[in-house]
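Enquirer: The structure follows.
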Amino acid sequence: MPELPEVEIAGRNLVRWLHGRRVVKAEAEDTRVFRGAKRAKFSALTGRLESLERRGKYLLLTFEGGRGLLAHLGMTGKFVHRPGGVAELHSRARFFLDDGTVIHFKDARLFGRMEPVAAARLRQLKAVQALGRDPLVDGLTPEQLREALGRTRQDLKVALMDQGRVAGVGNIYAAEALFLAGLHPARKPASLKPEEWARLSQAILDTFASALAAEQGEEPVYLEESGSENTFRVYGRADSPCTQCGARVQSFTQGGRTTYFCPKCQPKRSRGRKR
DNA sequence: TGACCCCTGGCC
DNA sequence: GGCCAGGGGTCA
């Protein structure tokens with residue numbers, strides 16, 4: 001399931017696959033992925049891809065002729081590039097290219113979103129306007145992170161996952177970044193010291209950077225898909241020994257989602273960190 | 001802020 | 001057979 005790094009890779013793949021090629025036909029299934037948007041509008045997404053931008057977990061695509069597409073992968077969405085004439089399980093929309101290949105948008109659970117809209121309106125869409133700072137696009141200094149999270153009374157991890165504060169951090173990378181920073185997920189943002197903001201902003205950037213470096217594959221594999229392996233430091237490791245200190249990793253529910261953390265590496269009380 | 005909803009599939 | 005899942009949206 002895609003968070004910022006996976007969406008970034010999806011965008012890079014699309015750009016690569018469409019480079020120097022044209023979409024000769026676009027077609028979509030009648031699914032809730034299109035949120036009531038007219039399928040005919042999707043069919044109009046032909047020609048060259050003029051630009052592609054990622055904001056948080058959203059992709060903003062502009063095709064020639066001023067036609068745009070807002071895409072969100074949801075929990076199980078992905079783009080794949082296939083030879084023509086190959087059926088693809090859960091394919092919800094397809095771009096047929098002038099070299100005979102096909103780009104499928106697959107989505108088993110239909111939590112994804114594909115919204116054809118005039119390119120000029122892409123950035124004005126409410127979903128895009130509501131996004132907070134994107135760490136990779138806009139940068140993320142300790143001060144900017146504190147500015148984005150510091151005034152809420154939500155738990156630190158819940159605030160981190162709020163797309164209106166920082167865009168692109170989901171459940172997995174929130175857990176990973178907090179572990180890297182040595183911060184308990186239930187800390188209150190107001191209690192963080194300057195050095196803790198610094199550790200956290202750096203941890204977010206590092207977590208994304210290493211995920212991006214590891215995911216330079218042709219095709220994304222999400223955790224929980226068959227054949228996938230848990231390479232995360234704490235995420236999904238409840239009751240297993242911490243990869244850093246050996247203490248038992250714990251989990252609890254926070255904001256409706258499961259949080260994983262190491263009680264020893266991420267103490268509830270603020271404390272200096274050994275170096 | 002929290003509860004529930006949308007869906008299907010994989011795992012125990 | 002039941003539980004769980006990394007997304008967001010909406011409602012009270």
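Each chain in the structure tokens gets a letter, A, B, ..., in the order shown, and its residues are numbered from 1; ligands are numbered from 1 in order too.
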Residues of chain A were defined as contacting chain B if any atom lay at most 7 Å from it, counting only C-alpha atoms (C1' of nucleotides); please report them as a count of residues only.
Expert: 3
Enquirer: Do a neighbour search on segment 140-147 of chain A at 12 Å with only C-alpha atoms (C1' of nucleotides), toss out local chain neighbours closer than 5 positions, and write the hits as a PyMOL selection string.
Expert: chain A and resi 132-135+152+156+159-160+165-167+188-206+208
Enquirer: Do you know which residues are at most 7 Å from segment 4-12 of chain C counting only C-alpha atoms (C1' of nucleotides), after dropping those on the same chain fewer than 5 positions away, and could you put them as a VMD selection string?
Expert: chain A and resid 1 to 2 74 to 75 111 170 to 172
Enquirer: Can you write just those residues out, N, CA, C and O atoms, as a PDB file, in the first residue's frame?
Expert:
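For reference, result.pdb as written:
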```
ATOM      1  N   MET A   1       0.860  -1.197   0.000  1.00  0.00           N
ATOM      2  CA  MET A   1       0.000   0.000   0.000  1.00  0.00           C
ATOM      3  C   MET A   1       0.882   1.227   0.000  1.00  0.00           C
ATOM      4  O   MET A   1       1.826   1.340   0.747  1.00  0.00           O
ATOM      5  N   PRO A   2       0.520   2.094  -0.841  1.00  0.00           N
ATOM      6  CA  PRO A   2       1.410   3.195  -1.200  1.00  0.00           C
ATOM      7  C   PRO A   2       1.379   4.389  -0.261  1.00  0.00           C
ATOM      8  O   PRO A   2       0.316   4.888   0.085  1.00  0.00           O
ATOM      9  N   GLY A  74      -4.774   4.869  -3.359  1.00  0.00           N
ATOM     10  CA  GLY A  74      -5.518   4.247  -2.265  1.00  0.00           C
ATOM     11  C   GLY A  74      -4.643   3.254  -1.528  1.00  0.00           C
ATOM     12  O   GLY A  74      -3.490   3.540  -1.224  1.00  0.00           O
ATOM     13  N   MET A  75      -5.179   2.105  -1.229  1.00  0.00           N
ATOM     14  CA  MET A  75      -4.417   1.111  -0.488  1.00  0.00           C
ATOM     15  C   MET A  75      -3.824   0.037  -1.387  1.00  0.00           C
ATOM     16  O   MET A  75      -2.818  -0.586  -1.038  1.00  0.00           O
ATOM     17  N   PHE A 111     -10.098   1.418  -3.490  1.00  0.00           N
ATOM     18  CA  PHE A 111      -9.964   2.599  -2.638  1.00  0.00           C
ATOM     19  C   PHE A 111      -9.223   3.712  -3.371  1.00  0.00           C
ATOM     20  O   PHE A 111      -9.103   4.821  -2.874  1.00  0.00           O
ATOM     21  N   GLY A 170       2.203   8.012   5.760  1.00  0.00           N
ATOM     22  CA  GLY A 170       1.124   7.100   6.115  1.00  0.00           C
ATOM     23  C   GLY A 170       1.498   6.291   7.332  1.00  0.00           C
ATOM     24  O   GLY A 170       2.467   6.601   8.031  1.00  0.00           O
ATOM     25  N   ASN A 171       0.746   5.262   7.591  1.00  0.00           N
ATOM     26  CA  ASN A 171       0.908   4.491   8.822  1.00  0.00           C
ATOM     27  C   ASN A 171       2.287   3.844   8.936  1.00  0.00           C
ATOM     28  O   ASN A 171       2.883   3.828  10.006  1.00  0.00           O
ATOM     29  N   ILE A 172       2.781   3.310   7.840  1.00  0.00           N
ATOM     30  CA  ILE A 172       4.066   2.604   7.897  1.00  0.00           C
ATOM     31  C   ILE A 172       5.210   3.573   8.163  1.00  0.00           C
ATOM     32  O   ILE A 172       6.001   3.393   9.092  1.00  0.00           O
TER      33      ILE A 172
END
```
Enquirer: Which residue out of A:Gly65, A:Gly112, A:Pro263, A:Gly84 has the minimum interatomic distance to chain C when only C-alpha atoms (C1' of nucleotides) are used?
Expert: A:Gly112
Enquirer: List every residue of segment 37-269 of chain A that DSSP, applied to the backbone of this structure, places in strand (DSSP E), and write the result as a ChimeraX atom specification.
Expert: /A:49-55,58-63,67-72,77-82,91-97,102-107,113-118,250-254,257-261
Enquirer: For Phe79 of chain A, which residue out of A:Lys25, A:Arg55, A:Lys38, A:Val7 is the nearest one, using only C-alpha atoms?
Expert: A:Val7
Enquirer: Any idea what the distance is between atom CA of Ala211 of chain A and atom CA of Arg187 of chain A?
Expert: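 Computing the Euclidean distance for atom CA of Ala211 of chain A and atom CA of Arg187 of chain A yields 25.0 Å.
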